[in-house]
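As stored in run.tsv (TSV, C-alpha atoms):
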chain	number	residue	atom	x	y	z
E	1	MET	CA	0.00	0.00	0.00
E	2	ILE	CA	1.33	3.37	-0.95
E	3	ASP	CA	1.87	5.77	1.95
E	4	ILE	CA	-0.08	8.94	1.31
E	5	THR	CA	1.62	10.92	4.06
E	6	ALA	CA	4.95	10.28	2.37
E	7	LEU	CA	3.47	11.70	-0.83
E	8	GLN	CA	2.33	14.73	1.12
E	9	ALA	CA	5.83	15.19	2.52
E	10	GLN	CA	7.25	15.01	-0.98
E	11	PHE	CA	4.71	17.05	-2.91
E	12	GLY	CA	3.43	19.47	-0.31
E	13	SER	CA	0.46	19.57	1.98
E	14	GLU	CA	-2.03	20.74	-0.66
E	15	LEU	CA	-2.20	17.10	-1.70
E	16	SER	CA	-5.31	15.75	-0.03
E	17	LEU	CA	-6.54	12.23	0.44
E	18	SER	CA	-10.02	10.83	0.69
E	19	GLU	CA	-10.89	7.23	1.19
E	20	PHE	CA	-14.00	5.11	1.04
E	21	ARG	CA	-13.57	1.41	1.76
E	22	ASP	CA	-10.86	0.29	-0.67
E	23	ASN	CA	-11.27	3.30	-2.96
E	24	ARG	CA	-8.37	5.69	-2.35
E	25	ARG	CA	-8.23	9.08	-3.95
E	26	VAL	CA	-5.54	11.72	-4.12
E	27	ILE	CA	-6.49	15.26	-5.09
E	28	CYS	CA	-3.57	17.09	-6.58
E	29	PRO	CA	-3.06	20.66	-7.82
E	30	ALA	CA	-2.65	20.88	-11.58
E	31	GLU	CA	0.91	22.21	-11.58
E	32	LYS	CA	2.13	19.21	-9.58
E	33	ALA	CA	0.07	16.59	-11.41
E	34	HIS	CA	2.75	15.41	-13.79
E	35	ALA	CA	5.43	15.19	-11.11
E	36	LEU	CA	3.08	13.17	-8.90
E	37	LEU	CA	2.01	10.81	-11.69
E	38	SER	CA	5.63	10.38	-12.75
E	39	HIS	CA	6.56	9.50	-9.19
E	40	LEU	CA	3.67	7.03	-8.97
E	41	TYR	CA	4.77	5.41	-12.22
E	42	HIS	CA	8.51	5.21	-11.58
E	43	ALA	CA	8.73	4.74	-7.81
E	44	ALA	CA	5.39	3.41	-6.60
E	45	GLY	CA	4.86	0.73	-9.25
E	46	PHE	CA	1.62	1.98	-10.81
E	47	ASN	CA	2.46	0.51	-14.20
E	48	TYR	CA	-1.03	0.45	-15.68
E	49	LEU	CA	-3.22	3.44	-16.49
E	50	VAL	CA	-6.77	2.13	-16.37
E	51	ASP	CA	-8.57	5.24	-17.51
E	52	ILE	CA	-8.53	8.98	-17.83
E	53	THR	CA	-11.87	10.66	-17.55
E	54	ALA	CA	-13.24	14.03	-16.57
E	55	VAL	CA	-16.18	15.59	-14.76
E	56	ASP	CA	-17.78	18.96	-15.46
E	57	TYR	CA	-18.73	20.61	-12.16
E	58	LEU	CA	-20.68	23.47	-13.73
E	59	GLU	CA	-23.60	24.42	-11.44
E	60	TRP	CA	-22.49	21.77	-8.97
E	61	GLU	CA	-23.17	22.60	-5.36
E	62	ASN	CA	-20.10	23.83	-3.45
E	63	ALA	CA	-17.84	23.24	-6.42
E	64	THR	CA	-14.84	25.53	-6.66
E	65	ASP	CA	-13.40	24.35	-9.98
E	66	ARG	CA	-14.96	23.71	-13.35
E	67	PHE	CA	-13.40	20.43	-14.47
E	68	GLY	CA	-12.00	17.48	-12.60
E	69	VAL	CA	-9.72	15.14	-14.52
E	70	ILE	CA	-9.45	11.70	-12.98
E	71	TYR	CA	-6.62	9.26	-13.54
E	72	ALA	CA	-7.35	5.68	-12.53
E	73	LEU	CA	-4.11	3.84	-11.79
E	74	LEU	CA	-3.41	0.20	-11.10
E	75	ASN	CA	-0.35	-1.49	-9.70
E	76	MET	CA	-0.37	-4.80	-11.53
E	77	GLU	CA	2.01	-6.53	-9.10
E	78	ALA	CA	0.30	-5.51	-5.87
E	79	GLY	CA	-3.21	-5.26	-7.26
E	80	GLU	CA	-3.47	-1.81	-5.74
E	81	ARG	CA	-5.64	0.90	-7.22
E	82	LEU	CA	-5.32	4.65	-6.82
E	83	TYR	CA	-7.34	7.53	-8.22
E	84	VAL	CA	-5.65	10.84	-8.86
E	85	LYS	CA	-7.94	13.81	-9.32
E	86	VAL	CA	-6.79	17.10	-10.78
E	87	PHE	CA	-8.90	20.24	-11.13
E	88	VAL	CA	-8.57	22.57	-14.10
E	89	ASN	CA	-10.47	25.70	-15.03
E	90	ASP	CA	-11.67	27.85	-17.89
E	91	PRO	CA	-10.46	29.47	-20.08
E	92	HIS	CA	-8.06	26.97	-21.68
E	93	PRO	CA	-8.12	24.05	-19.27
E	94	THR	CA	-4.74	22.43	-19.85
E	95	LEU	CA	-2.79	19.61	-18.28
E	96	PRO	CA	0.58	18.10	-19.19
E	97	THR	CA	0.24	14.83	-21.06
E	98	VAL	CA	1.08	11.52	-19.43
E	99	TYR	CA	1.71	9.86	-22.79
E	100	ASN	CA	5.44	9.72	-21.93
E	101	LEU	CA	4.59	7.55	-18.88
E	102	TRP	CA	1.78	5.35	-20.16
E	103	ARG	CA	1.42	4.96	-23.91
E	104	GLY	CA	-2.21	3.98	-23.39
E	105	ALA	CA	-2.95	7.57	-22.44
E	106	ASP	CA	-2.91	8.48	-26.12
E	107	TRP	CA	-6.53	7.73	-26.97
E	108	MET	CA	-7.84	8.45	-23.47
E	109	GLU	CA	-6.52	11.98	-23.58
E	110	ARG	CA	-7.92	12.40	-27.06
E	111	GLU	CA	-11.32	11.31	-25.76
E	112	VAL	CA	-11.20	13.74	-22.83
E	113	TYR	CA	-10.18	16.47	-25.24
E	114	ASP	CA	-13.00	15.55	-27.62
E	115	MET	CA	-15.70	15.48	-24.98
E	116	PHE	CA	-14.58	18.24	-22.57
E	117	GLY	CA	-12.13	20.40	-24.48
E	118	ILE	CA	-9.33	19.88	-21.98
E	119	THR	CA	-6.04	20.08	-23.84
E	120	PHE	CA	-3.04	17.98	-22.93
E	121	ALA	CA	0.18	19.82	-23.55
E	122	GLY	CA	2.79	17.66	-25.23
E	123	HIS	CA	0.36	15.08	-26.60
E	124	PRO	CA	1.71	13.83	-29.94
E	125	ASP	CA	-1.60	13.82	-31.84
E	126	LEU	CA	-4.33	15.67	-29.98
E	127	ARG	CA	-7.39	15.64	-32.23
E	128	ARG	CA	-10.95	14.43	-31.92
E	129	ILE	CA	-11.42	10.69	-31.60
E	130	LEU	CA	-15.20	10.10	-31.44
E	131	SER	CA	-16.88	13.15	-32.92
E	132	PRO	CA	-16.47	14.10	-36.56
E	133	ASP	CA	-13.41	16.21	-37.32
E	134	GLU	CA	-15.53	19.22	-38.30
E	135	PHE	CA	-17.36	19.20	-34.95
E	136	THR	CA	-16.73	22.39	-33.00
E	137	ALA	CA	-18.38	21.88	-29.61
E	138	PHE	CA	-17.40	19.76	-26.62
E	139	PRO	CA	-20.53	17.71	-26.06
E	140	LEU	CA	-20.06	16.43	-22.51
E	141	ARG	CA	-19.75	19.92	-21.09
E	142	LYS	CA	-22.79	20.77	-19.04
E	143	ASP	CA	-23.49	23.95	-20.99
E	144	TYR	CA	-23.90	21.97	-24.21
E	145	PRO	CA	-27.55	21.04	-24.85
E	146	LEU	CA	-28.39	17.34	-25.02
E	147	LYS	CA	-29.93	17.66	-28.46
E	148	GLY	CA	-27.01	19.63	-29.79
E	149	ARG	CA	-26.94	22.93	-31.59
E	150	GLY	CA	-28.34	21.59	-34.84
E	151	GLU	CA	-25.34	19.53	-35.92
E	152	ARG	CA	-27.52	16.48	-36.54
E	153	HIS	CA	-29.66	18.42	-39.03
E	154	ASN	CA	-26.77	19.97	-40.91
E	155	PHE	CA	-26.38	17.63	-43.88
E	156	PRO	CA	-27.16	17.82	-47.57
E	157	VAL	CA	-30.44	16.16	-48.53
E	158	ILE	CA	-30.29	13.55	-51.28
E	159	THR	CA	-33.63	13.09	-53.00
E	160	ARG	CA	-34.59	10.15	-55.18
E	161	ALA	CA	-34.73	12.23	-58.33
E	162	ASP	CA	-31.11	13.41	-58.09
E	163	SER	CA	-29.43	10.19	-57.04
A	1	MET	CA	-54.93	-15.50	-90.96
A	2	ALA	CA	-54.46	-15.92	-87.30
A	3	VAL	CA	-51.20	-17.49	-86.27
A	4	GLY	CA	-51.01	-18.85	-82.75
A	5	LEU	CA	-47.92	-18.32	-80.66
A	6	PRO	CA	-45.43	-21.15	-80.76
A	7	GLU	CA	-44.83	-23.15	-77.65
A	8	ASN	CA	-42.75	-21.52	-74.86
A	9	VAL	CA	-43.42	-18.03	-76.18
A	10	PHE	CA	-45.64	-15.49	-74.48
A	11	LEU	CA	-46.31	-11.82	-74.87
A	12	THR	CA	-45.86	-9.24	-72.15
A	13	LYS	CA	-44.84	-5.66	-71.62
A	14	LEU	CA	-41.18	-4.85	-71.22
A	15	ASP	CA	-41.85	-3.03	-67.93
A	16	VAL	CA	-43.59	-6.04	-66.48
A	17	ALA	CA	-40.79	-8.36	-67.52
A	18	ALA	CA	-38.19	-6.05	-65.98
A	19	ASN	CA	-40.18	-5.71	-62.77
A	20	TRP	CA	-40.60	-9.45	-62.50
A	21	VAL	CA	-36.87	-9.98	-62.85
A	22	ARG	CA	-35.87	-7.15	-60.53
A	23	SER	CA	-38.31	-7.86	-57.74
A	24	ASN	CA	-37.36	-11.50	-57.50
A	25	SER	CA	-33.64	-10.93	-57.33
A	26	LEU	CA	-33.11	-8.08	-54.92
A	27	TRP	CA	-29.50	-7.92	-53.75
A	28	PRO	CA	-29.46	-6.28	-50.34
A	29	MET	CA	-26.67	-4.07	-49.14
A	30	PRO	CA	-26.62	-4.51	-45.34
A	31	PHE	CA	-25.87	-1.24	-43.57
A	32	ALA	CA	-26.03	-2.74	-40.11
A	33	THR	CA	-24.92	-0.46	-37.30
A	34	ALA	CA	-26.78	-1.76	-34.26
A	35	CYS	CA	-28.99	-4.52	-32.89
A	36	CYS	CA	-31.20	-4.41	-35.99
A	37	GLY	CA	-28.16	-5.76	-37.80
A	38	ILE	CA	-28.36	-8.91	-35.68
A	39	GLU	CA	-31.97	-9.40	-36.72
A	40	LEU	CA	-30.95	-8.77	-40.31
A	41	MET	CA	-28.36	-11.53	-40.03
A	42	ALA	CA	-30.97	-13.83	-38.51
A	43	THR	CA	-33.30	-13.01	-41.39
A	44	ALA	CA	-30.68	-14.05	-43.91
A	45	SER	CA	-29.67	-17.24	-42.10
A	46	SER	CA	-31.26	-20.63	-42.22
A	47	ARG	CA	-34.05	-20.36	-39.65
A	48	PHE	CA	-35.88	-17.51	-41.35
A	49	ASP	CA	-34.19	-17.94	-44.71
A	50	LEU	CA	-34.59	-14.83	-46.81
A	51	ALA	CA	-33.53	-16.95	-49.79
A	52	ARG	CA	-37.11	-18.21	-50.02
A	53	PHE	CA	-38.06	-14.76	-51.28
A	54	GLY	CA	-35.16	-14.20	-53.62
A	55	ALA	CA	-33.31	-11.54	-51.64
A	56	GLU	CA	-30.55	-13.48	-49.96
A	57	VAL	CA	-27.49	-12.34	-51.89
A	58	MET	CA	-26.04	-9.88	-49.39
A	59	ARG	CA	-23.09	-8.15	-50.93
A	60	PHE	CA	-20.81	-5.84	-49.00
A	61	SER	CA	-20.02	-3.71	-51.99
A	62	PRO	CA	-22.62	-1.10	-52.91
A	63	ARG	CA	-21.71	-1.49	-56.58
A	64	GLN	CA	-23.26	-4.95	-56.61
A	65	CYS	CA	-26.44	-4.18	-54.71
A	66	ASP	CA	-29.83	-2.70	-55.46
A	67	LEU	CA	-31.50	-2.70	-52.04
A	68	LEU	CA	-30.04	-0.69	-49.19
A	69	ILE	CA	-31.20	-1.92	-45.78
A	70	VAL	CA	-30.35	0.67	-43.14
A	71	ALA	CA	-30.46	-1.36	-39.93
A	72	GLY	CA	-29.69	0.57	-36.80
A	73	ARG	CA	-29.03	4.09	-35.61
A	74	VAL	CA	-27.00	6.35	-37.85
A	75	VAL	CA	-24.83	8.90	-36.10
A	76	THR	CA	-23.70	12.17	-37.60
A	77	LYS	CA	-20.26	10.79	-38.31
A	78	MET	CA	-21.76	7.84	-40.20
A	79	LEU	CA	-24.30	9.72	-42.29
A	80	PRO	CA	-21.84	10.95	-44.96
A	81	VAL	CA	-20.74	7.32	-45.31
A	82	LEU	CA	-24.34	6.22	-45.74
A	83	GLN	CA	-24.98	8.91	-48.33
A	84	ARG	CA	-21.90	7.92	-50.27
A	85	ILE	CA	-22.94	4.26	-50.22
A	86	TRP	CA	-26.37	5.22	-51.49
A	87	LEU	CA	-24.87	7.27	-54.31
A	88	GLN	CA	-22.53	4.43	-55.24
A	89	MET	CA	-25.32	1.93	-55.74
A	90	PRO	CA	-26.31	1.45	-59.39
A	91	GLU	CA	-29.83	2.11	-60.62
A	92	PRO	CA	-32.46	0.87	-60.11
A	93	LYS	CA	-32.18	0.87	-56.36
A	94	TRP	CA	-34.42	0.89	-53.33
A	95	CYS	CA	-33.96	1.61	-49.65
A	96	ILE	CA	-35.51	0.02	-46.59
A	97	SER	CA	-35.23	1.84	-43.28
A	98	MET	CA	-35.29	-0.92	-40.70
A	99	GLY	CA	-36.13	-0.32	-37.05
A	100	ALA	CA	-37.11	2.63	-34.92
A	101	CYS	CA	-33.66	4.23	-34.88
A	102	ALA	CA	-33.20	4.32	-38.63
A	103	CYS	CA	-36.77	5.55	-39.12
A	104	SER	CA	-36.88	8.25	-36.47
A	105	GLY	CA	-33.81	8.18	-34.24
A	106	GLY	CA	-35.66	6.02	-31.73
A	107	VAL	CA	-34.90	6.73	-28.10
A	108	PHE	CA	-31.60	8.34	-29.06
A	109	ASP	CA	-32.77	11.93	-29.21
A	110	THR	CA	-29.26	13.33	-28.78
A	111	TYR	CA	-26.84	15.60	-30.56
A	112	ALA	CA	-25.03	12.72	-32.25
A	113	VAL	CA	-27.85	10.66	-33.73
A	114	VAL	CA	-29.60	11.51	-37.00
A	115	GLN	CA	-33.35	11.69	-36.37
A	116	GLY	CA	-34.38	9.43	-39.21
A	117	VAL	CA	-32.33	8.64	-42.28
A	118	ASP	CA	-35.27	9.65	-44.49
A	119	ARG	CA	-34.33	13.28	-43.87
A	120	PHE	CA	-31.18	12.86	-45.88
A	121	ILE	CA	-31.56	9.87	-48.18
A	122	PRO	CA	-34.68	8.63	-49.98
A	123	VAL	CA	-36.44	5.76	-48.24
A	124	ASP	CA	-38.96	3.49	-49.96
A	125	LEU	CA	-40.17	1.41	-47.07
A	126	TYR	CA	-40.11	1.62	-43.30
A	127	VAL	CA	-40.00	-1.44	-41.08
A	128	PRO	CA	-41.02	-0.51	-37.53
A	129	GLY	CA	-39.89	-2.31	-34.41
A	130	CYS	CA	-37.12	-2.18	-31.88
A	131	PRO	CA	-35.68	-4.29	-33.35
A	132	PRO	CA	-38.16	-5.75	-35.86
A	133	ARG	CA	-38.63	-9.48	-35.89
A	134	PRO	CA	-37.23	-11.22	-38.98
A	135	GLU	CA	-40.80	-11.92	-40.07
A	136	GLN	CA	-41.45	-8.18	-40.12
A	137	LEU	CA	-38.43	-7.57	-42.33
A	138	ILE	CA	-39.49	-10.39	-44.64
A	139	ALA	CA	-42.97	-8.86	-44.81
A	140	GLY	CA	-41.35	-5.54	-45.69
A	141	ILE	CA	-39.30	-7.08	-48.46
A	142	ILE	CA	-42.39	-8.85	-49.87
A	143	GLU	CA	-44.24	-5.53	-49.75
A	144	LEU	CA	-41.38	-3.87	-51.60
A	145	GLN	CA	-41.41	-6.65	-54.19
A	146	ASN	CA	-45.12	-6.11	-54.73
A	147	ARG	CA	-44.56	-2.41	-55.11
A	148	ILE	CA	-41.80	-2.94	-57.65
A	149	LYS	CA	-44.08	-5.28	-59.61
A	150	GLN	CA	-46.91	-2.75	-59.60
A	151	THR	CA	-45.16	0.57	-60.11
A	152	GLY	CA	-41.74	-0.24	-61.54
A	153	THR	CA	-40.68	0.82	-64.99
A	154	LEU	CA	-37.84	-0.31	-67.19
A	155	ASN	CA	-35.94	2.98	-67.12
A	156	GLY	CA	-36.95	4.09	-63.63
A	157	ARG	CA	-39.44	6.81	-64.63
A	158	GLU	CA	-41.26	6.43	-61.31
A	159	PHE	CA	-38.29	7.85	-59.43
A	160	ILE	CA	-38.17	11.15	-61.29
A	161	GLN	CA	-41.17	12.62	-59.50
A	162	ARG	CA	-39.63	12.18	-56.06
A	163	THR	CA	-37.84	15.49	-55.86
A	164	GLU	CA	-38.38	16.15	-52.15
A	165	ALA	CA	-37.10	14.51	-49.03
A	166	THR	CA	-39.69	12.25	-47.46
A	167	GLY	CA	-38.67	12.83	-43.87
A	168	PRO	CA	-39.98	15.58	-41.61
A	169	GLU	CA	-38.42	19.00	-41.77
A	170	PRO	CA	-35.62	19.33	-39.26
A	171	LEU	CA	-36.22	21.76	-36.45
A	172	GLU	CA	-34.78	25.12	-37.26
A	173	LEU	CA	-31.71	26.30	-35.47
A	174	GLU	CA	-33.61	29.27	-34.10
A	175	GLU	CA	-36.21	26.96	-32.67
A	176	LEU	CA	-33.55	24.87	-30.99
A	177	ARG	CA	-32.10	28.01	-29.46
A	178	ARG	CA	-35.48	29.14	-28.20
A	179	LEU	CA	-36.15	25.75	-26.65
A	180	ARG	CA	-32.84	25.88	-24.87
A	181	GLN	CA	-33.26	29.38	-23.56
A	182	ALA	CA	-36.85	28.98	-22.47
A	183	THR	CA	-37.10	29.58	-18.73
A	184	PRO	CA	-39.77	27.76	-16.73
A	185	VAL	CA	-42.58	29.99	-15.47
A	186	GLU	CA	-43.41	29.87	-11.75
A	187	GLY	CA	-46.52	27.87	-10.97
A	188	LEU	CA	-47.12	26.77	-14.54
A	189	PRO	CA	-47.97	23.08	-14.67
A	190	ILE	CA	-45.54	21.55	-17.12
A	191	PHE	CA	-46.70	17.96	-16.93
A	192	HIS	CA	-50.33	17.17	-17.64
A	193	ALA	CA	-51.38	13.79	-16.31
A	194	PRO	CA	-53.30	11.80	-18.91
A	195	ASP	CA	-57.02	11.47	-18.29
A	196	LEU	CA	-57.49	7.74	-18.03
A	197	LYS	CA	-61.26	7.75	-17.51
A	198	THR	CA	-62.21	8.53	-21.07
Rewritten as structure tokens:
Amino acid sequence: MIDITALQAQFGSELSLSEFRDNRRVICPAEKAHALLSHLYHAAGFNYLVDITAVDYLEWENATDRFGVIYALLNMEAGERLYVKVFVNDPHPTLPTVYNLWRGADWMEREVYDMFGITFAGHPDLRRILSPDEFTAFPLRKDYPLKGRGERHNFPVITRADS
Amino acid sequence: MAVGLPENVFLTKLDVAANWVRSNSLWPMPFATACCGIELMATASSRFDLARFGAEVMRFSPRQCDLLIVAGRVVTKMLPVLQRIWLQMPEPKWCISMGACACSGGVFDTYAVVQGVDRFIPVDLYVPGCPPRPEQLIAGIIELQNRIKQTGTLNGREFIQRTEATGPEPLELEELRRLRQATPVEGLPIFHAPDLKT
């Protein structure tokens, strides 16, 4: 089990921990995120990045930041899981990429970028992965309407006479 | 001097002969994107056996097909592909929209799903269901065969009149914006319970 207080001694006291049963979470400021994740990869044995996802806290009660980016880590030898949560804000929510640590972060970061518009500095190929290339919005943001802004109606009509 | 027809010769109209040939050898192009595609596969396989009705030759190249079966929801990223496939199919060609999602978007009333493929490509026949049973699809194909036999022409004159999209008009952008910006009024009942007594 990784010692959280040791992490706090190394990365400063603004690192906070919350725990529920076997679910352990570390909340980390954005400027220290890459150093922390690098430490977890190289020294603490978290060799598998399960997922990167994000949450939009717009209009959320008591929320202080707009986006939370969540890294789900797994230590394959010890079977230990750890969640690292980083908050970023408008305008230009940006985080350093973790592609240099886990190659699997490539498509996950592209998905977070596609859905939330959070850019990952240093990513080798940061473009949309699910939405069409010409899409302009970030559809999982809470200020984007569920039915879109008319993108689904914006196609040429082919009638039977001209095809 | 009346001369009877020799044996094995009969007279007909060219249109009727063409329709007979075309309707009994439809080559479907499966555009299967969701669970309707599974039913489409079941329809073509031995239990339901679409071959009994002369439409079993599924080809995965649009150049070899004359019946497009859109089975499943079509998202905005897939619609240009669907339109290109439709344009690549040689004449004469027909289109079946199979299932609730292809016909109307189904339950997927979201930004990514096209609300009915008939808004953007011509559709000849709709098969409802979520997903439709194979019998329903077979009934649809038989219906389409009957329609080809009744209204088909050798050079496809019946298609020329269809100059408008058959689907409903998409909501205007302005209307979407108004819907989004509409603020609920205090005390206004939004949900009306259905009157079950009548």
Q. Which chain A residues are at most 9 Å from chain E (counting all atoms listed in the file), as a PyMOL selection string?
A. chain A and resi 75-80+83+86-87+91+109-115+119-123+159-166+170-173+176-177+180
Q: Please identify all polymer residues within 12 Å of A:Pro132, counting all atoms listed in the file, omitting same-chain residues fewer than 2 positions from it, and present them as a list in words.
A: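 So, after excluding close chain neighbours, the residues are Cys35, Cys36, Gly37, Ile38, Glu39, Leu40, Ala42, Thr43, Ala71, Gly72, Ser97, Met98, Gly99, Ala100, Cys101, Ala102, Cys103, Tyr126, Val127, Pro128, Gly129, Cys130, Pro134, Glu135, Gln136, Leu137, Ile138, Ala139 and Gly140 of chain A.
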Q | Pick from E:Met115, E:Asn100, E:Leu140, E:Ala78, whichever lies nearest to E:Met1 using all atoms listed in the file | A | E:Ala78
Find the residues near A:Pro62: any atom within 10 Å, counting all atoms listed in the file, skip ones fewer than 5 places away on the same chain, and give them as a PDB file with C-alpha atoms, in the frame of the given file.
ATOM      1  CA  TRP A  27     -29.500  -7.920 -53.750  1.00  0.00           C
ATOM      2  CA  PRO A  28     -29.460  -6.280 -50.340  1.00  0.00           C
ATOM      3  CA  MET A  29     -26.670  -4.070 -49.140  1.00  0.00           C
ATOM      4  CA  PRO A  30     -26.620  -4.510 -45.340  1.00  0.00           C
ATOM      5  CA  PHE A  31     -25.870  -1.240 -43.570  1.00  0.00           C
ATOM      6  CA  LEU A  67     -31.500  -2.700 -52.040  1.00  0.00           C
ATOM      7  CA  LEU A  68     -30.040  -0.690 -49.190  1.00  0.00           C
ATOM      8  CA  ARG A  84     -21.900   7.920 -50.270  1.00  0.00           C
ATOM      9  CA  ILE A  85     -22.940   4.260 -50.220  1.00  0.00           C
ATOM     10  CA  TRP A  86     -26.370   5.220 -51.490  1.00  0.00           C
ATOM     11  CA  LEU A  87     -24.870   7.270 -54.310  1.00  0.00           C
ATOM     12  CA  GLN A  88     -22.530   4.430 -55.240  1.00  0.00           C
ATOM     13  CA  MET A  89     -25.320   1.930 -55.740  1.00  0.00           C
ATOM     14  CA  PRO A  90     -26.310   1.450 -59.390  1.00  0.00           C
TER      15      PRO A  90
END
Q.
What does the structure give for the distance between atom CA of E:Ile118 and atom CA of E:Pro93, in Å to one decimal?
A. 5.1 Å
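Minimum distance to A:Val74 across A:Thr33, A:Thr153, A:Thr12, A:Ser23 (counting only C-alpha atoms) occurs at A:Thr33.
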Q) When you draw a straight line from atom CA of E:Asn89 to atom CA of E:Ala105, how long is it in Å? A) 21.0 Å
Q: Find the distance between atom CA of A:Gly116 and atom CA of A:Val81 and write it in Å to one decimal.
A: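 Between these atoms lies a distance of 15.1 Å.
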(Q) Excluding E:Arg141 and its own-chain neighbours fewer than 2 positions away, which residues fall within 12 Å of it when counting all atoms listed in the file? Please give them as a list in words. (A) Ala54, Val55, Asp56, Tyr57, Leu58, Glu59, Arg66, Phe67, Gly68, Asp90, Val112, Tyr113, Asp114, Met115, Phe116, Gly117, Ile118, Ala137, Phe138, Pro139, Asp143, Tyr144, Pro145, Leu146 and Gly148 of chain E
**Q.** Local residues around (1.3, 13.2, -13.4), at most 12 Å away, using only C-alpha atoms, as a PyMOL selection string
**A.** chain E and resi 11+26-42+46+49+52+69-73+83-86+95-102+105+120
Export of the given selection (C-alpha atoms) as a tab-separated table (two decimals), in the frame of the given file:
chain	number	residue	atom	x	y	z
E	11	PHE	CA	4.71	17.05	-2.91
E	26	VAL	CA	-5.54	11.72	-4.12
E	27	ILE	CA	-6.49	15.26	-5.09
E	28	CYS	CA	-3.57	17.09	-6.58
E	29	PRO	CA	-3.06	20.66	-7.82
E	30	ALA	CA	-2.65	20.88	-11.58
E	31	GLU	CA	0.91	22.21	-11.58
E	32	LYS	CA	2.13	19.21	-9.58
E	33	ALA	CA	0.07	16.59	-11.41
E	34	HIS	CA	2.75	15.41	-13.79
E	35	ALA	CA	5.43	15.19	-11.11
E	36	LEU	CA	3.08	13.17	-8.90
E	37	LEU	CA	2.01	10.81	-11.69
E	38	SER	CA	5.63	10.38	-12.75
E	39	HIS	CA	6.56	9.50	-9.19
E	40	LEU	CA	3.67	7.03	-8.97
E	41	TYR	CA	4.77	5.41	-12.22
E	42	HIS	CA	8.51	5.21	-11.58
E	46	PHE	CA	1.62	1.98	-10.81
E	49	LEU	CA	-3.22	3.44	-16.49
E	52	ILE	CA	-8.53	8.98	-17.83
E	69	VAL	CA	-9.72	15.14	-14.52
E	70	ILE	CA	-9.45	11.70	-12.98
E	71	TYR	CA	-6.62	9.26	-13.54
E	72	ALA	CA	-7.35	5.68	-12.53
E	73	LEU	CA	-4.11	3.84	-11.79
E	83	TYR	CA	-7.34	7.53	-8.22
E	84	VAL	CA	-5.65	10.84	-8.86
E	85	LYS	CA	-7.94	13.81	-9.32
E	86	VAL	CA	-6.79	17.10	-10.78
E	95	LEU	CA	-2.79	19.61	-18.28
E	96	PRO	CA	0.58	18.10	-19.19
E	97	THR	CA	0.24	14.83	-21.06
E	98	VAL	CA	1.08	11.52	-19.43
E	99	TYR	CA	1.71	9.86	-22.79
E	100	ASN	CA	5.44	9.72	-21.93
E	101	LEU	CA	4.59	7.55	-18.88
E	102	TRP	CA	1.78	5.35	-20.16
E	105	ALA	CA	-2.95	7.57	-22.44
E	120	PHE	CA	-3.04	17.98	-22.93
Q | A:Phe53 environment, 9 Å, all atoms listed in the file, sequence neighbours closer than 3 positions dropped, as a list in words | A |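 Counting only the stated atoms, we get Asn24, Ser25, Asp49, Leu50, Glu56, Ile138, Ile141 and Ile142 of chain A.
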Add whatever atoms are absent from stretch 95-105 of chain E to reach N, CA and C atoms, and provide the output as a short mmCIF file (atom, residue, chain, number, x, y, z; two decimals), in the coordinates of the input.
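Once written, out.cif looks like this:
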data_model
loop_
_atom_site.label_atom_id
_atom_site.label_comp_id
_atom_site.auth_asym_id
_atom_site.auth_seq_id
_atom_site.Cartn_x
_atom_site.Cartn_y
_atom_site.Cartn_z
N LEU E 95 -3.58 20.45 -19.16
CA LEU E 95 -2.79 19.61 -18.28
C LEU E 95 -1.61 19.08 -19.09
N PRO E 96 -0.49 18.77 -18.44
CA PRO E 96 0.58 18.10 -19.19
C PRO E 96 0.19 16.67 -19.51
N THR E 97 0.61 16.19 -20.66
CA THR E 97 0.24 14.83 -21.06
C THR E 97 0.98 13.80 -20.22
N VAL E 98 0.37 12.62 -20.07
CA VAL E 98 1.08 11.52 -19.43
C VAL E 98 1.41 10.44 -20.46
N TYR E 99 1.39 10.82 -21.72
CA TYR E 99 1.71 9.86 -22.79
C TYR E 99 3.14 9.33 -22.64
N ASN E 100 4.06 10.17 -22.10
CA ASN E 100 5.44 9.72 -21.93
C ASN E 100 5.56 8.67 -20.81
N LEU E 101 4.56 8.58 -19.93
CA LEU E 101 4.59 7.55 -18.88
C LEU E 101 3.85 6.29 -19.32
N TRP E 102 2.58 6.48 -19.69
CA TRP E 102 1.78 5.35 -20.16
C TRP E 102 1.38 5.62 -21.61
N ARG E 103 1.78 4.76 -22.51
CA ARG E 103 1.42 4.96 -23.91
C ARG E 103 -0.09 4.87 -24.14
N GLY E 104 -0.76 4.12 -23.26
CA GLY E 104 -2.21 3.98 -23.39
C GLY E 104 -2.96 5.28 -23.18
N ALA E 105 -2.28 6.28 -22.66
CA ALA E 105 -2.95 7.57 -22.44
C ALA E 105 -3.28 8.28 -23.74
#
